[in-house]
file data-v2.pdb (PDB, N, CA and C atoms)
ATOM      1  N   MET A 576       2.223  -3.496 -12.171
ATOM      2  CA  MET A 576       1.267  -3.568 -11.074
ATOM      3  C   MET A 576       1.392  -4.930 -10.402
ATOM      4  N   TYR A 577       1.149  -4.962  -9.139
ATOM      5  CA  TYR A 577       1.243  -6.162  -8.323
ATOM      6  C   TYR A 577      -0.005  -7.029  -8.506
ATOM      7  N   ALA A 578       0.169  -8.329  -8.676
ATOM      8  CA  ALA A 578      -0.958  -9.252  -8.866
ATOM      9  C   ALA A 578      -1.560  -9.649  -7.515
ATOM     10  N   LEU A 579      -2.882  -9.739  -7.480
ATOM     11  CA  LEU A 579      -3.602 -10.116  -6.270
ATOM     12  C   LEU A 579      -4.336 -11.433  -6.477
ATOM     13  N   ASP A 580      -4.611 -12.121  -5.379
ATOM     14  CA  ASP A 580      -5.446 -13.315  -5.448
ATOM     15  C   ASP A 580      -6.881 -12.907  -5.780
ATOM     16  N   LYS A 581      -7.523 -13.679  -6.625
ATOM     17  CA  LYS A 581      -8.894 -13.384  -7.029
ATOM     18  C   LYS A 581      -9.825 -13.307  -5.816
ATOM     19  N   LYS A 582      -9.632 -14.192  -4.844
ATOM     20  CA  LYS A 582     -10.478 -14.210  -3.656
ATOM     21  C   LYS A 582     -10.361 -12.895  -2.881
ATOM     22  N   LYS A 583      -9.147 -12.353  -2.748
ATOM     23  CA  LYS A 583      -8.961 -11.091  -2.033
ATOM     24  C   LYS A 583      -9.647  -9.945  -2.770
ATOM     25  N   ILE A 584      -9.599  -9.975  -4.092
ATOM     26  CA  ILE A 584     -10.268  -8.947  -4.887
ATOM     27  C   ILE A 584     -11.775  -9.013  -4.668
ATOM     28  N   ILE A 585     -12.333 -10.210  -4.768
ATOM     29  CA  ILE A 585     -13.776 -10.391  -4.603
ATOM     30  C   ILE A 585     -14.207  -9.992  -3.199
ATOM     31  N   ASP A 586     -13.459 -10.427  -2.183
ATOM     32  CA  ASP A 586     -13.792 -10.065  -0.800
ATOM     33  C   ASP A 586     -13.761  -8.553  -0.597
ATOM     34  N   SER A 587     -12.769  -7.911  -1.166
ATOM     35  CA  SER A 587     -12.652  -6.462  -1.027
ATOM     36  C   SER A 587     -13.840  -5.749  -1.672
ATOM     37  N   LEU A 588     -14.247  -6.211  -2.834
ATOM     38  CA  LEU A 588     -15.377  -5.592  -3.527
ATOM     39  C   LEU A 588     -16.702  -5.875  -2.810
ATOM     40  N   ARG A 589     -16.814  -7.025  -2.209
ATOM     41  CA  ARG A 589     -18.035  -7.351  -1.464
ATOM     42  C   ARG A 589     -18.215  -6.442  -0.252
ATOM     43  N   ASN A 590     -17.120  -5.938   0.289
ATOM     44  CA  ASN A 590     -17.184  -5.081   1.469
ATOM     45  C   ASN A 590     -17.505  -3.622   1.142
ATOM     46  N   LEU A 591     -17.607  -3.297  -0.136
ATOM     47  CA  LEU A 591     -17.994  -1.939  -0.529
ATOM     48  C   LEU A 591     -19.487  -1.736  -0.264
ATOM     49  N   PRO A 592     -19.904  -0.490  -0.093
ATOM     50  CA  PRO A 592     -21.339  -0.218   0.061
ATOM     51  C   PRO A 592     -22.112  -0.692  -1.177
ATOM     52  N   GLU A 593     -23.388  -0.943  -1.003
ATOM     53  CA  GLU A 593     -24.230  -1.426  -2.106
ATOM     54  C   GLU A 593     -24.199  -0.456  -3.290
ATOM     55  N   LYS A 594     -24.278   0.827  -3.008
ATOM     56  CA  LYS A 594     -24.175   1.853  -4.057
ATOM     57  C   LYS A 594     -22.784   2.462  -3.972
ATOM     58  N   THR A 595     -21.973   2.235  -4.979
ATOM     59  CA  THR A 595     -20.611   2.754  -4.989
ATOM     60  C   THR A 595     -20.213   3.104  -6.413
ATOM     61  N   THR A 596     -19.192   3.904  -6.537
ATOM     62  CA  THR A 596     -18.735   4.297  -7.870
ATOM     63  C   THR A 596     -17.606   3.377  -8.335
ATOM     64  N   VAL A 597     -17.387   3.400  -9.620
ATOM     65  CA  VAL A 597     -16.279   2.632 -10.183
ATOM     66  C   VAL A 597     -14.962   3.152  -9.600
ATOM     67  N   GLU A 598     -14.878   4.466  -9.432
ATOM     68  CA  GLU A 598     -13.665   5.059  -8.885
ATOM     69  C   GLU A 598     -13.380   4.559  -7.462
ATOM     70  N   GLU A 599     -14.426   4.442  -6.646
ATOM     71  CA  GLU A 599     -14.242   3.933  -5.276
ATOM     72  C   GLU A 599     -13.764   2.477  -5.293
ATOM     73  N   ALA A 600     -14.325   1.687  -6.195
ATOM     74  CA  ALA A 600     -13.897   0.286  -6.305
ATOM     75  C   ALA A 600     -12.440   0.208  -6.759
ATOM     76  N   MET A 601     -12.070   1.032  -7.713
ATOM     77  CA  MET A 601     -10.692   1.043  -8.196
ATOM     78  C   MET A 601      -9.728   1.489  -7.107
ATOM     79  N   GLU A 602     -10.122   2.502  -6.337
ATOM     80  CA  GLU A 602      -9.282   2.962  -5.231
ATOM     81  C   GLU A 602      -9.083   1.867  -4.199
ATOM     82  N   ARG A 603     -10.154   1.139  -3.904
ATOM     83  CA  ARG A 603     -10.070   0.044  -2.931
ATOM     84  C   ARG A 603      -9.100  -1.025  -3.424
ATOM     85  N   LEU A 604      -9.193  -1.395  -4.686
ATOM     86  CA  LEU A 604      -8.309  -2.424  -5.228
ATOM     87  C   LEU A 604      -6.865  -1.937  -5.310
ATOM     88  N   TYR A 605      -6.681  -0.667  -5.642
ATOM     89  CA  TYR A 605      -5.333  -0.102  -5.695
ATOM     90  C   TYR A 605      -4.697  -0.106  -4.313
ATOM     91  N   LEU A 606      -5.469   0.287  -3.307
ATOM     92  CA  LEU A 606      -4.969   0.272  -1.928
ATOM     93  C   LEU A 606      -4.616  -1.151  -1.505
ATOM     94  N   LEU A 607      -5.474  -2.093  -1.806
ATOM     95  CA  LEU A 607      -5.220  -3.495  -1.472
ATOM     96  C   LEU A 607      -3.924  -3.974  -2.126
ATOM     97  N   ALA A 608      -3.718  -3.619  -3.389
ATOM     98  CA  ALA A 608      -2.499  -4.025  -4.093
ATOM     99  C   ALA A 608      -1.262  -3.423  -3.432
ATOM    100  N   LYS A 609      -1.348  -2.145  -3.047
ATOM    101  CA  LYS A 609      -0.216  -1.497  -2.390
ATOM    102  C   LYS A 609       0.105  -2.147  -1.045
ATOM    103  N   ILE A 610      -0.926  -2.479  -0.285
ATOM    104  CA  ILE A 610      -0.722  -3.133   1.013
ATOM    105  C   ILE A 610      -0.081  -4.497   0.819
ATOM    106  N   GLU A 611      -0.608  -5.275  -0.120
ATOM    107  CA  GLU A 611      -0.049  -6.610  -0.383
ATOM    108  C   GLU A 611       1.413  -6.509  -0.836
ATOM    109  N   LYS A 612       1.707  -5.532  -1.678
ATOM    110  CA  LYS A 612       3.086  -5.345  -2.140
ATOM    111  C   LYS A 612       3.997  -4.993  -0.963
ATOM    112  N   GLY A 613       3.535  -4.107  -0.076
ATOM    113  CA  GLY A 613       4.325  -3.729   1.089
ATOM    114  C   GLY A 613       4.592  -4.895   2.021
ATOM    115  N   ILE A 614       3.578  -5.724   2.222
ATOM    116  CA  ILE A 614       3.744  -6.912   3.065
ATOM    117  C   ILE A 614       4.778  -7.848   2.460
ATOM    118  N   LYS A 615       4.695  -8.041   1.141
ATOM    119  CA  LYS A 615       5.655  -8.925   0.462
ATOM    120  C   LYS A 615       7.070  -8.364   0.590
ATOM    121  N   GLN A 616       7.217  -7.058   0.402
ATOM    122  CA  GLN A 616       8.539  -6.446   0.525
ATOM    123  C   GLN A 616       9.079  -6.599   1.944
ATOM    124  N   ALA A 617       8.233  -6.419   2.937
ATOM    125  CA  ALA A 617       8.669  -6.573   4.329
ATOM    126  C   ALA A 617       9.079  -8.011   4.603
ATOM    127  N   ASP A 618       8.308  -8.956   4.097
ATOM    128  CA  ASP A 618       8.634 -10.370   4.286
ATOM    129  C   ASP A 618       9.980 -10.727   3.649
ATOM    130  N   GLU A 619      10.313 -10.041   2.568
ATOM    131  CA  GLU A 619      11.571 -10.313   1.867
ATOM    132  C   GLU A 619      12.729  -9.465   2.400
ATOM    133  N   GLY A 620      12.460  -8.695   3.452
ATOM    134  CA  GLY A 620      13.514  -7.891   4.058
ATOM    135  C   GLY A 620      13.831  -6.609   3.304
ATOM    136  N   GLN A 621      12.955  -6.202   2.402
ATOM    137  CA  GLN A 621      13.169  -4.992   1.614
ATOM    138  C   GLN A 621      12.555  -3.787   2.318
ATOM    139  N   CYS A 622      12.982  -3.542   3.530
ATOM    140  CA  CYS A 622      12.454  -2.415   4.290
ATOM    141  C   CYS A 622      13.577  -1.865   5.176
ATOM    142  N   ILE A 623      13.312  -0.703   5.749
ATOM    143  CA  ILE A 623      14.293  -0.094   6.640
ATOM    144  C   ILE A 623      13.658   0.091   8.018
ATOM    145  N   SER A 624      14.503   0.227   9.009
ATOM    146  CA  SER A 624      14.013   0.402  10.377
ATOM    147  C   SER A 624      13.443   1.803  10.563
ATOM    148  N   HIS A 625      12.700   1.969  11.641
ATOM    149  CA  HIS A 625      12.152   3.286  11.980
ATOM    150  C   HIS A 625      13.278   4.292  12.178
ATOM    151  N   LYS A 626      14.340   3.857  12.825
ATOM    152  CA  LYS A 626      15.492   4.728  13.071
ATOM    153  C   LYS A 626      16.118   5.191  11.752
ATOM    154  N   GLU A 627      16.271   4.257  10.795
ATOM    155  CA  GLU A 627      16.832   4.613   9.491
ATOM    156  C   GLU A 627      15.916   5.584   8.742
ATOM    157  N   ALA A 628      14.613   5.371   8.832
ATOM    158  CA  ALA A 628      13.650   6.257   8.163
ATOM    159  C   ALA A 628      13.733   7.669   8.741
ATOM    160  N   LYS A 629      13.809   7.772  10.064
ATOM    161  CA  LYS A 629      13.927   9.081  10.703
ATOM    162  C   LYS A 629      15.201   9.789  10.254
ATOM    163  N   GLU A 630      16.283   9.056  10.161
ATOM    164  CA  GLU A 630      17.556   9.633   9.740
ATOM    165  C   GLU A 630      17.476  10.126   8.289
ATOM    166  N   LYS A 631      16.845   9.342   7.427
ATOM    167  CA  LYS A 631      16.670   9.759   6.035
ATOM    168  C   LYS A 631      15.860  11.050   5.947
ATOM    169  N   MET A 632      14.776  11.117   6.711
ATOM    170  CA  MET A 632      13.934  12.313   6.707
ATOM    171  C   MET A 632      14.713  13.524   7.226
ATOM    172  N   LYS A 633      15.496  13.306   8.249
ATOM    173  CA  LYS A 633      16.307  14.389   8.814
ATOM    174  C   LYS A 633      17.287  14.911   7.763
ATOM    175  N   ASN A 634      17.919  14.006   7.042
ATOM    176  CA  ASN A 634      18.876  14.399   6.007
ATOM    177  C   ASN A 634      18.186  15.117   4.855
ATOM    178  N   GLN A 635      17.000  14.665   4.480
ATOM    179  CA  GLN A 635      16.274  15.314   3.383
ATOM    180  C   GLN A 635      15.828  16.714   3.774
ATOM    181  N   ARG A 636      15.372  16.879   5.006
ATOM    182  CA  ARG A 636      14.937  18.200   5.460
ATOM    183  C   ARG A 636      16.096  19.174   5.460
ATOM    184  N   SER A 637      17.265  18.707   5.867
ATOM    185  CA  SER A 637      18.418  19.610   5.929
ATOM    186  C   SER A 637      18.832  20.064   4.534
ATOM    187  N   ASN A 638      18.510  19.294   3.503
ATOM    188  CA  ASN A 638      18.829  19.692   2.136
ATOM    189  C   ASN A 638      17.940  20.823   1.642
ATOM    190  N   TYR A 639      16.758  20.961   2.232
ATOM    191  CA  TYR A 639      15.820  21.989   1.799
ATOM    192  C   TYR A 639      15.986  23.297   2.559
ATOM    193  N   TRP A 640      16.536  23.260   3.762
ATOM    194  CA  TRP A 640      16.661  24.468   4.567
ATOM    195  C   TRP A 640      18.058  24.858   4.766
TER     196      TRP A 640
END
call {"tool": "encode", "arguments": {"input": "data-v2.pdb", "output": "structure tokens"}}
result
Amino acid sequence: MYALDKKKIIDSLRNLPEKTTVEEAMERLYLLAKIEKGIKQADEGQCISHKEAKEKMKNQRSNYW
């Protein structure tokens, strides 16, 4: 799992409604971790262009039909 800054975790939890479930809090933190991981990967150049993504999807679809 990707590590987050404590401040980002606290800020994210503070933005939840006053009455919330543990599951909602966990989902919020999981989403935050995924977003942070994606940003880090993009910053490190570990991503593909929109054109490359479309081509991959096109190739995958042709394998199914």
call {"tool": "atom_distance", "arguments": {"input": "data-v2.pdb", "atom1": "atom C of Gly613 (chain A)", "atom2": "atom C of His625 (chain A)"}}
result
16.2 Å
call {"tool": "residues_around", "arguments": {"input": "data-v2.pdb", "residues": "Lys583 (chain A)", "least_positions_apart": "3", "cutoff": "12 Å", "atoms": "only C-alpha atoms", "output": "VMD selection string"}}
result
chain A and resid 578 to 580 586 to 590 603 to 604 607 to 608 610 to 611
call {"tool": "atom_distance", "arguments": {"input": "data-v2.pdb", "atom1": "CA of Lys633 (chain A)", "atom2": "CA of Gln616 (chain A)"}}
result
23.7 Å
call {"tool": "atom_distance", "arguments": {"input": "data-v2.pdb", "atom1": "atom N of Arg636 (chain A)", "atom2": "atom N of Ile623 (chain A)"}}
result
17.7 Å
call {"tool": "decode", "arguments": {"input": "data-v2.pdb", "residues": "region 580-604 of chain A", "atoms": "N, CA and C atoms", "output": "JSON list (two decimals), in the first residue's frame"}}
result
[["chain", "number", "residue", "atom", "x", "y", "z"],
["A", 580, "ASP", "N", 0.95, 11.22, 3.66],
["A", 580, "ASP", "CA", 1.31, 12.15, 4.72],
["A", 580, "ASP", "C", 0.19, 12.18, 5.77],
["A", 581, "LYS", "N", 0.57, 12.23, 7.02],
["A", 581, "LYS", "CA", -0.41, 12.25, 8.11],
["A", 581, "LYS", "C", -1.38, 13.43, 7.96],
["A", 582, "LYS", "N", -0.87, 14.58, 7.55],
["A", 582, "LYS", "CA", -1.72, 15.77, 7.40],
["A", 582, "LYS", "C", -2.80, 15.53, 6.35],
["A", 583, "LYS", "N", -2.46, 14.88, 5.23],
["A", 583, "LYS", "CA", -3.45, 14.61, 4.19],
["A", 583, "LYS", "C", -4.52, 13.65, 4.69],
["A", 584, "ILE", "N", -4.11, 12.68, 5.50],
["A", 584, "ILE", "CA", -5.07, 11.73, 6.07],
["A", 584, "ILE", "C", -6.04, 12.47, 6.99],
["A", 585, "ILE", "N", -5.50, 13.28, 7.88],
["A", 585, "ILE", "CA", -6.32, 14.02, 8.84],
["A", 585, "ILE", "C", -7.26, 14.97, 8.11],
["A", 586, "ASP", "N", -6.75, 15.70, 7.13],
["A", 586, "ASP", "CA", -7.59, 16.63, 6.36],
["A", 586, "ASP", "C", -8.72, 15.89, 5.65],
["A", 587, "SER", "N", -8.41, 14.75, 5.09],
["A", 587, "SER", "CA", -9.42, 13.97, 4.38],
["A", 587, "SER", "C", -10.52, 13.50, 5.34],
["A", 588, "LEU", "N", -10.13, 13.06, 6.51],
["A", 588, "LEU", "CA", -11.11, 12.59, 7.49],
["A", 588, "LEU", "C", -11.94, 13.75, 8.06],
["A", 589, "ARG", "N", -11.33, 14.90, 8.19],
["A", 589, "ARG", "CA", -12.07, 16.06, 8.69],
["A", 589, "ARG", "C", -13.17, 16.49, 7.72],
["A", 590, "ASN", "N", -12.99, 16.21, 6.44],
["A", 590, "ASN", "CA", -13.96, 16.60, 5.43],
["A", 590, "ASN", "C", -15.14, 15.63, 5.31],
["A", 591, "LEU", "N", -15.10, 14.54, 6.06],
["A", 591, "LEU", "CA", -16.22, 13.60, 6.07],
["A", 591, "LEU", "C", -17.39, 14.20, 6.85],
["A", 592, "PRO", "N", -18.60, 13.75, 6.57],
["A", 592, "PRO", "CA", -19.75, 14.21, 7.36],
["A", 592, "PRO", "C", -19.56, 13.85, 8.84],
["A", 593, "GLU", "N", -20.24, 14.58, 9.70],
["A", 593, "GLU", "CA", -20.12, 14.34, 11.15],
["A", 593, "GLU", "C", -20.49, 12.90, 11.51],
["A", 594, "LYS", "N", -21.55, 12.39, 10.91],
["A", 594, "LYS", "CA", -21.95, 10.99, 11.11],
["A", 594, "LYS", "C", -21.53, 10.21, 9.88],
["A", 595, "THR", "N", -20.58, 9.31, 10.03],
["A", 595, "THR", "CA", -20.09, 8.52, 8.91],
["A", 595, "THR", "C", -19.71, 7.14, 9.39],
["A", 596, "THR", "N", -19.61, 6.22, 8.47],
["A", 596, "THR", "CA", -19.25, 4.85, 8.85],
["A", 596, "THR", "C", -17.74, 4.65, 8.70],
["A", 597, "VAL", "N", -17.27, 3.61, 9.34],
["A", 597, "VAL", "CA", -15.86, 3.25, 9.22],
["A", 597, "VAL", "C", -15.56, 2.91, 7.75],
["A", 598, "GLU", "N", -16.50, 2.25, 7.10],
["A", 598, "GLU", "CA", -16.31, 1.87, 5.71],
["A", 598, "GLU", "C", -16.15, 3.11, 4.81],
["A", 599, "GLU", "N", -16.95, 4.15, 5.06],
["A", 599, "GLU", "CA", -16.83, 5.38, 4.27],
["A", 599, "GLU", "C", -15.47, 6.04, 4.49],
["A", 600, "ALA", "N", -15.01, 6.04, 5.73],
["A", 600, "ALA", "CA", -13.69, 6.62, 6.03],
["A", 600, "ALA", "C", -12.59, 5.82, 5.34],
["A", 601, "MET", "N", -12.69, 4.51, 5.37],
["A", 601, "MET", "CA", -11.70, 3.66, 4.72],
["A", 601, "MET", "C", -11.70, 3.86, 3.21],
["A", 602, "GLU", "N", -12.89, 3.98, 2.63],
["A", 602, "GLU", "CA", -12.99, 4.23, 1.19],
["A", 602, "GLU", "C", -12.35, 5.55, 0.82],
["A", 603, "ARG", "N", -12.58, 6.57, 1.64],
["A", 603, "ARG", "CA", -11.99, 7.88, 1.38],
["A", 603, "ARG", "C", -10.47, 7.80, 1.42],
["A", 604, "LEU", "N", -9.92, 7.12, 2.41],
["A", 604, "LEU", "CA", -8.47, 7.01, 2.52],
["A", 604, "LEU", "C", -7.88, 6.16, 1.39]]
